[in-house]
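Next up, start_13.cif (mmCIF, C-alpha atoms and all ligand atoms):
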```cif
data_input
#
loop_
_atom_site.label_atom_id
_atom_site.label_comp_id
_atom_site.auth_asym_id
_atom_site.auth_seq_id
_atom_site.Cartn_x
_atom_site.Cartn_y
_atom_site.Cartn_z
CA MET A 1 199.81 189.42 52.46
CA SER A 2 201.99 192.50 52.04
CA HIS A 3 201.24 196.18 52.28
CA PHE A 4 202.25 198.39 49.33
CA VAL A 5 202.07 202.11 48.65
CA LEU A 6 200.85 203.23 45.23
CA GLY A 7 201.71 206.81 44.29
CA VAL A 8 199.80 208.37 41.41
CA THR A 9 200.88 211.66 39.82
CA GLY A 10 199.60 214.01 37.14
CA ALA A 11 201.23 212.14 34.27
CA SER A 12 199.04 210.49 31.68
CA GLY A 13 198.49 206.73 31.95
CA SER A 14 196.45 206.36 35.12
CA ILE A 15 195.09 203.05 33.77
CA TYR A 16 198.49 201.59 34.72
CA ALA A 17 197.77 202.56 38.34
CA THR A 18 194.25 201.15 38.28
CA ARG A 19 195.38 197.77 36.99
CA THR A 20 198.38 197.65 39.35
CA ALA A 21 196.05 198.22 42.32
CA MET A 22 193.51 195.74 40.93
CA TYR A 23 196.06 192.93 40.71
CA LEU A 24 197.66 193.71 44.08
CA GLN A 25 194.22 193.45 45.67
CA ARG A 26 193.38 190.30 43.66
CA PHE A 27 196.60 188.63 44.84
CA GLY A 28 195.71 189.38 48.45
CA HIS A 29 197.82 192.48 49.15
CA GLU A 30 196.87 195.79 50.73
CA VAL A 31 197.29 199.05 48.84
CA THR A 32 197.63 202.48 50.39
CA LEU A 33 197.02 205.10 47.73
CA ILE A 34 198.54 208.59 47.52
CA VAL A 35 197.45 210.83 44.66
CA THR A 36 198.96 214.25 43.97
CA HIS A 37 196.63 217.17 43.26
CA PRO A 38 197.36 217.11 39.49
CA GLY A 39 197.09 213.31 39.70
CA LYS A 40 193.46 213.63 40.87
CA GLN A 41 192.65 215.84 37.90
CA VAL A 42 194.24 213.50 35.36
CA LEU A 43 192.64 210.41 36.98
CA GLU A 44 189.25 211.99 36.58
CA TYR A 45 189.99 213.15 33.03
CA GLU A 46 191.11 209.64 32.04
CA ASP A 47 188.01 208.02 33.67
CA GLN A 48 190.01 205.95 36.16
CA SER A 49 188.12 206.58 39.40
CA ALA A 50 187.73 202.77 39.72
CA LEU A 51 191.28 202.90 41.09
CA PHE A 52 189.92 203.89 44.51
CA ASP A 53 187.88 200.64 44.72
CA TYR A 54 191.06 198.56 44.81
CA CYS A 55 192.79 200.45 47.64
CA LYS A 56 192.50 199.78 51.35
CA ASP A 57 193.01 203.43 52.20
CA VAL A 58 193.79 206.75 50.61
CA CYS A 59 196.24 209.15 52.25
CA ASN A 60 196.11 212.88 51.76
CA VAL A 61 199.22 213.95 49.85
CA ASP A 62 199.79 216.72 52.42
CA ASP A 63 199.52 214.44 55.48
CA PHE A 64 202.99 213.71 56.85
CA PHE A 65 201.45 211.93 59.83
CA ALA A 66 200.48 209.01 57.56
CA GLU A 67 202.10 205.66 58.37
CA CYS A 68 204.05 205.48 55.11
CA ALA A 69 205.90 208.73 55.95
CA SER A 70 207.87 206.78 58.55
CA GLY A 71 210.58 204.18 58.12
CA SER A 72 209.03 202.23 61.02
CA SER A 73 205.96 201.39 58.95
CA ASP A 74 205.30 197.88 57.62
CA ILE A 75 205.38 198.98 53.98
CA ALA A 76 206.84 196.26 51.71
CA GLY A 77 207.47 198.56 48.75
CA MET A 78 206.10 201.35 46.60
CA ALA A 79 205.31 202.01 42.98
CA VAL A 80 204.87 205.48 41.48
CA VAL A 81 202.54 204.86 38.54
CA PRO A 82 202.46 206.89 36.36
CA CYS A 83 205.30 209.16 37.46
CA SER A 84 205.38 212.72 36.13
CA MET A 85 208.67 214.39 35.37
CA GLY A 86 207.94 216.80 38.21
CA THR A 87 207.62 214.05 40.82
CA LEU A 88 210.58 212.17 39.32
CA GLY A 89 212.67 215.33 39.82
CA ARG A 90 211.47 215.73 43.41
CA ILE A 91 212.28 212.10 44.26
CA ALA A 92 215.71 212.43 42.59
CA ALA A 93 216.41 215.59 44.59
CA GLY A 94 215.15 214.09 47.86
CA THR A 95 212.82 217.03 48.57
CA SER A 96 210.26 214.98 50.57
CA ASP A 97 207.92 217.94 50.18
CA ASN A 98 204.71 215.93 49.88
CA LEU A 99 203.67 212.53 51.25
CA LEU A 100 204.17 210.72 47.95
CA VAL A 101 207.74 211.99 47.58
CA ARG A 102 208.45 211.36 51.27
CA ALA A 103 207.11 207.78 51.06
CA ALA A 104 209.38 207.15 48.05
CA ASP A 105 212.31 208.62 49.96
CA VAL A 106 211.54 206.31 52.89
CA CYS A 107 211.58 203.26 50.59
CA LEU A 108 215.00 204.27 49.29
CA LYS A 109 216.48 204.88 52.73
CA GLU A 110 215.03 201.63 54.10
CA ARG A 111 216.23 199.72 51.01
CA ARG A 112 212.70 198.65 50.10
CA PRO A 113 211.59 198.18 46.48
CA LEU A 114 210.73 201.45 44.79
CA VAL A 115 209.38 201.14 41.25
CA ILE A 116 209.08 204.33 39.20
CA VAL A 117 207.06 204.29 35.99
CA PRO A 118 207.87 207.55 34.18
CA ARG A 119 205.53 208.78 31.44
CA GLU A 120 206.76 211.46 29.11
CA MET A 121 208.03 211.72 25.58
CA PRO A 122 210.49 212.70 24.43
CA TYR A 123 212.79 212.90 27.45
CA ASN A 124 215.10 215.85 27.97
CA LEU A 125 218.49 215.54 29.65
CA ILE A 126 217.04 216.60 33.03
CA HIS A 127 214.57 213.70 32.91
CA ILE A 128 217.31 211.25 31.93
CA GLU A 129 219.66 212.51 34.66
CA ASN A 130 216.87 212.19 37.22
CA MET A 131 216.21 208.60 36.12
CA LYS A 132 219.93 207.95 36.56
CA HIS A 133 219.89 209.48 40.07
CA VAL A 134 216.95 207.41 41.29
CA THR A 135 218.42 204.26 39.76
CA LEU A 136 221.73 204.84 41.55
CA ALA A 137 219.78 205.41 44.77
CA GLY A 138 218.11 202.00 44.44
CA ALA A 139 214.88 202.56 42.51
CA VAL A 140 213.89 200.51 39.46
CA VAL A 141 212.74 202.64 36.54
CA ILE A 142 210.16 200.84 34.41
CA PRO A 143 209.07 203.08 31.53
CA ALA A 144 205.47 202.77 30.42
CA SER A 145 206.65 200.86 27.32
CA PRO A 146 204.25 197.97 26.72
CA GLN A 147 205.35 194.93 24.74
CA PHE A 148 203.55 193.60 21.71
CA TYR A 149 205.13 190.20 21.14
CA CYS A 150 202.59 188.34 23.27
CA LYS A 151 199.89 189.71 20.94
CA PRO A 152 197.61 191.59 23.35
CA GLN A 153 193.98 191.68 22.25
CA SER A 154 192.90 194.79 24.15
CA VAL A 155 194.22 197.97 25.73
CA GLU A 156 193.93 196.26 29.12
CA GLU A 157 196.07 193.31 27.99
CA LEU A 158 198.64 195.74 26.59
CA VAL A 159 198.69 197.70 29.86
CA ASP A 160 199.12 194.44 31.78
CA THR A 161 202.45 193.81 30.05
CA VAL A 162 203.78 196.83 31.98
CA VAL A 163 201.85 195.99 35.14
CA ALA A 164 203.42 192.50 35.16
CA LYS A 165 206.89 194.11 35.30
CA ILE A 166 205.82 196.46 38.08
CA LEU A 167 204.52 193.54 40.17
CA LYS A 168 207.63 191.50 39.49
CA HIS A 169 209.89 194.25 40.78
CA LEU A 170 207.71 194.75 43.84
CA GLY A 171 208.39 191.07 44.55
CA VAL A 172 204.83 189.93 43.79
CA GLU A 173 204.58 186.45 42.27
CA GLN A 174 202.30 186.39 39.22
CA SER A 175 202.04 185.13 35.66
CA LEU A 176 200.00 187.85 34.03
CA VAL A 177 201.89 187.81 30.78
CA ALA A 178 203.28 184.83 28.88
CA SER A 179 207.03 184.58 29.10
CA VAL A 180 209.23 185.39 26.12
CA ALA A 181 210.27 181.72 26.16
CA LYS A 182 206.70 180.69 25.32
CA VAL A 183 206.56 183.17 22.47
CA TRP A 184 209.88 182.00 20.98
CA SER A 185 209.08 178.31 21.40
CA GLY A 186 205.93 178.77 19.32
CA GLU A 187 203.52 177.99 22.17
CA LEU A 188 201.77 181.28 21.45
C1 LIG B 1 195.97 215.63 30.77
C2 LIG B 1 197.36 215.86 31.29
C3 LIG B 1 198.35 214.96 30.98
C4 LIG B 1 199.66 215.13 31.45
N1 LIG B 1 200.60 214.20 31.14
C5 LIG B 1 201.84 214.32 31.63
C6 LIG B 1 202.80 213.28 31.38
O1 LIG B 1 202.54 212.29 30.72
N2 LIG B 1 204.02 213.42 31.96
C7 LIG B 1 204.36 214.50 32.74
O2 LIG B 1 205.48 214.54 33.24
N3 LIG B 1 203.46 215.48 33.00
C8 LIG B 1 202.22 215.42 32.46
N4 LIG B 1 201.28 216.40 32.73
C9 LIG B 1 201.70 217.57 33.51
C10 LIG B 1 201.69 217.29 35.02
O3 LIG B 1 200.36 217.03 35.47
C11 LIG B 1 202.27 218.52 35.75
O4 LIG B 1 203.65 218.68 35.43
C12 LIG B 1 202.11 218.45 37.25
O5 LIG B 1 202.73 219.58 37.85
C13 LIG B 1 202.70 217.20 37.86
O6 LIG B 1 202.54 217.28 39.26
P1 LIG B 1 202.73 216.04 40.22
O7 LIG B 1 204.06 215.47 39.89
O8 LIG B 1 202.68 216.64 41.58
O9 LIG B 1 201.60 215.10 39.98
C14 LIG B 1 199.97 216.26 32.25
C15 LIG B 1 198.96 217.17 32.56
C16 LIG B 1 197.67 216.99 32.07
C17 LIG B 1 196.60 218.00 32.41
#
```

Here is the file; what I need is its structure written in the form of structure tokens.
Amino acid sequence: MSHFVLGVTGASGSIYATRTAMYLQRFGHEVTLIVTHPGKQVLEYEDQSALFDYCKDVCNVDDFFAECASGSSDIAGMAVVPCSMGTLGRIAAGTSDNLLVRAADVCLKERRPLVIVPREMPYNLIHIENMKHVTLAGAVVIPASPQFYCKPQSVEELVDTVVAKILKHLGVEQSLVASVAKVWSGEL
């Protein structure tokens, strides 16, 4: 059992966060949730309040006394899902000005997995430069770009193609989505 932080921002696509938390819980892991103020509004707007059911605890985004604000915590890794361009910029600049951004900064400094799932289109050069910065600092950028070749039958199955990548890069063993090999070999 590992302990992960899930950061949720005001970008669209909160269903990615819900299903990431759902699978982490299902596979026996603990999730500490941090939601930005715009993130709360978008979560509600996108009808994803079920997210809270899959999390062990929820930290206030302004609470720097939370465990995940410290490098001494037992956090195994963090995913920022979905990540707004605003939060991406703050992580890239190392501002640590709210708990979500601080927890991401801690993961980078402690060399723990940090998965960032940006959601915007199109990207401007500032967004692209910020993705470059966080990648050079050790984060893995996984755009919310679902794959279609395993023929998903529902929105949830489509979302899970991205969630599978998030879990993989957090180091969580799973087989949510059929491998490309199965698709090419005609098994699917
Ligand atoms: C319905 C809705 C959808 C949004 N979608 C996005 C998005 O996909 N990407 C993005 O960068 N910002 C998006 N925004 C704007 C962010 O919420 C806004 O930039 C906010 O300041 C981000 O703050 P945060 O990074 O602290 O969560 C959206 C706002 C609303 C109301």

Using only C-alpha atoms and all ligand atoms, tabulate the residues of chain A lying at most 9 Å from any atom of ligand LIG 1 (chain B), each with its closest atom pair and that distance in Å to one decimal, by chain and increasing residue number, as JSON lines.
```
{"residue": "A:Val8", "atom": "CA", "partner": "B:LIG1", "partner_atom": "O9", "distance": 7.1}
{"residue": "A:Thr9", "atom": "CA", "partner": "B:LIG1", "partner_atom": "O9", "distance": 3.5}
{"residue": "A:Gly10", "atom": "CA", "partner": "B:LIG1", "partner_atom": "O3", "distance": 3.5}
{"residue": "A:Ala11", "atom": "CA", "partner": "B:LIG1", "partner_atom": "C5", "distance": 3.5}
{"residue": "A:Ser12", "atom": "CA", "partner": "B:LIG1", "partner_atom": "O1", "distance": 4.1}
{"residue": "A:Gly13", "atom": "CA", "partner": "B:LIG1", "partner_atom": "O1", "distance": 7.0}
{"residue": "A:Val35", "atom": "CA", "partner": "B:LIG1", "partner_atom": "O9", "distance": 7.6}
{"residue": "A:Thr36", "atom": "CA", "partner": "B:LIG1", "partner_atom": "O9", "distance": 4.9}
{"residue": "A:His37", "atom": "CA", "partner": "B:LIG1", "partner_atom": "O8", "distance": 6.3}
{"residue": "A:Pro38", "atom": "CA", "partner": "B:LIG1", "partner_atom": "O9", "distance": 4.7}
{"residue": "A:Gly39", "atom": "CA", "partner": "B:LIG1", "partner_atom": "O9", "distance": 4.9}
{"residue": "A:Lys40", "atom": "CA", "partner": "B:LIG1", "partner_atom": "O9", "distance": 8.3}
{"residue": "A:Gln41", "atom": "CA", "partner": "B:LIG1", "partner_atom": "C17", "distance": 7.1}
{"residue": "A:Val42", "atom": "CA", "partner": "B:LIG1", "partner_atom": "C1", "distance": 5.3}
{"residue": "A:Leu43", "atom": "CA", "partner": "B:LIG1", "partner_atom": "C1", "distance": 8.8}
{"residue": "A:Tyr45", "atom": "CA", "partner": "B:LIG1", "partner_atom": "C1", "distance": 6.9}
{"residue": "A:Glu46", "atom": "CA", "partner": "B:LIG1", "partner_atom": "C1", "distance": 7.8}
{"residue": "A:Pro82", "atom": "CA", "partner": "B:LIG1", "partner_atom": "O1", "distance": 7.8}
{"residue": "A:Cys83", "atom": "CA", "partner": "B:LIG1", "partner_atom": "O2", "distance": 6.8}
{"residue": "A:Ser84", "atom": "CA", "partner": "B:LIG1", "partner_atom": "O2", "distance": 3.4}
{"residue": "A:Met85", "atom": "CA", "partner": "B:LIG1", "partner_atom": "O2", "distance": 3.8}
{"residue": "A:Gly86", "atom": "CA", "partner": "B:LIG1", "partner_atom": "O7", "distance": 4.4}
{"residue": "A:Thr87", "atom": "CA", "partner": "B:LIG1", "partner_atom": "O7", "distance": 3.9}
{"residue": "A:Leu88", "atom": "CA", "partner": "B:LIG1", "partner_atom": "O7", "distance": 7.3}
{"residue": "A:Gly89", "atom": "CA", "partner": "B:LIG1", "partner_atom": "O7", "distance": 8.6}
{"residue": "A:Arg90", "atom": "CA", "partner": "B:LIG1", "partner_atom": "O7", "distance": 8.2}
{"residue": "A:Asn98", "atom": "CA", "partner": "B:LIG1", "partner_atom": "O8", "distance": 8.6}
{"residue": "A:Leu100", "atom": "CA", "partner": "B:LIG1", "partner_atom": "O8", "distance": 8.8}
{"residue": "A:Pro118", "atom": "CA", "partner": "B:LIG1", "partner_atom": "N2", "distance": 7.4}
{"residue": "A:Arg119", "atom": "CA", "partner": "B:LIG1", "partner_atom": "O1", "distance": 4.7}
{"residue": "A:Glu120", "atom": "CA", "partner": "B:LIG1", "partner_atom": "N2", "distance": 4.4}
{"residue": "A:Met121", "atom": "CA", "partner": "B:LIG1", "partner_atom": "O1", "distance": 7.5}
```

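When CA of Leu114 (chain A) is paired with CA of Glu156 (chain A), their separation reads 23.6 Å.
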
Ranking A:Phe52, A:Ala79, A:Arg102, A:Gln25 by minimum distance to Glu67 (chain A) and counting only C-alpha atoms, which one comes first?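 Using only C-alpha atoms, the shortest distance to Glu67 (chain A) belongs to A:Arg102.
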
Within 12 Å of Met78 (chain A) using all atoms listed in the file, minus same-chain residues under 3 positions, as an MDAnalysis selection string: chainID A and resid 2:8 17 20:21 24 30:34 68:69 74:75 81 100:108 110:117 139:140 166:167 169:172

Atom pair CA of Ile142 (chain A) / CA of Val177 (chain A): separation (Å):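 We find that CA of Ile142 (chain A) and CA of Val177 (chain A) lie 15.9 Å from each other.
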
Using Å and a single decimal, report how far CA of Ser145 (chain A) sits from CA of Leu51 (chain A). 20.7 Å

Proximity to Phe64 (chain A) - best of A:Asp97, A:Asp160, A:Glu129, A:Glu173, all atoms listed in the file: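 Smallest separation from Phe64 (chain A) among the options: A:Asp97.
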
So which residues touch Leu158 (chain A) within 12 Å, counting all atoms listed in the file, skipping near sequence neighbours fewer than 4 positions away, as a tab-separated table (two decimals) with C-alpha atoms, keeping the file's coordinate frame?
```
chain	number	residue	atom	x	y	z
A	15	ILE	CA	195.09	203.05	33.77
A	16	TYR	CA	198.49	201.59	34.72
A	19	ARG	CA	195.38	197.77	36.99
A	144	ALA	CA	205.47	202.77	30.42
A	145	SER	CA	206.65	200.86	27.32
A	146	PRO	CA	204.25	197.97	26.72
A	147	GLN	CA	205.35	194.93	24.74
A	148	PHE	CA	203.55	193.60	21.71
A	149	TYR	CA	205.13	190.20	21.14
A	150	CYS	CA	202.59	188.34	23.27
A	151	LYS	CA	199.89	189.71	20.94
A	152	PRO	CA	197.61	191.59	23.35
A	153	GLN	CA	193.98	191.68	22.25
A	154	SER	CA	192.90	194.79	24.15
A	162	VAL	CA	203.78	196.83	31.98
A	163	VAL	CA	201.85	195.99	35.14
A	164	ALA	CA	203.42	192.50	35.16
A	176	LEU	CA	200.00	187.85	34.03
A	177	VAL	CA	201.89	187.81	30.78
```
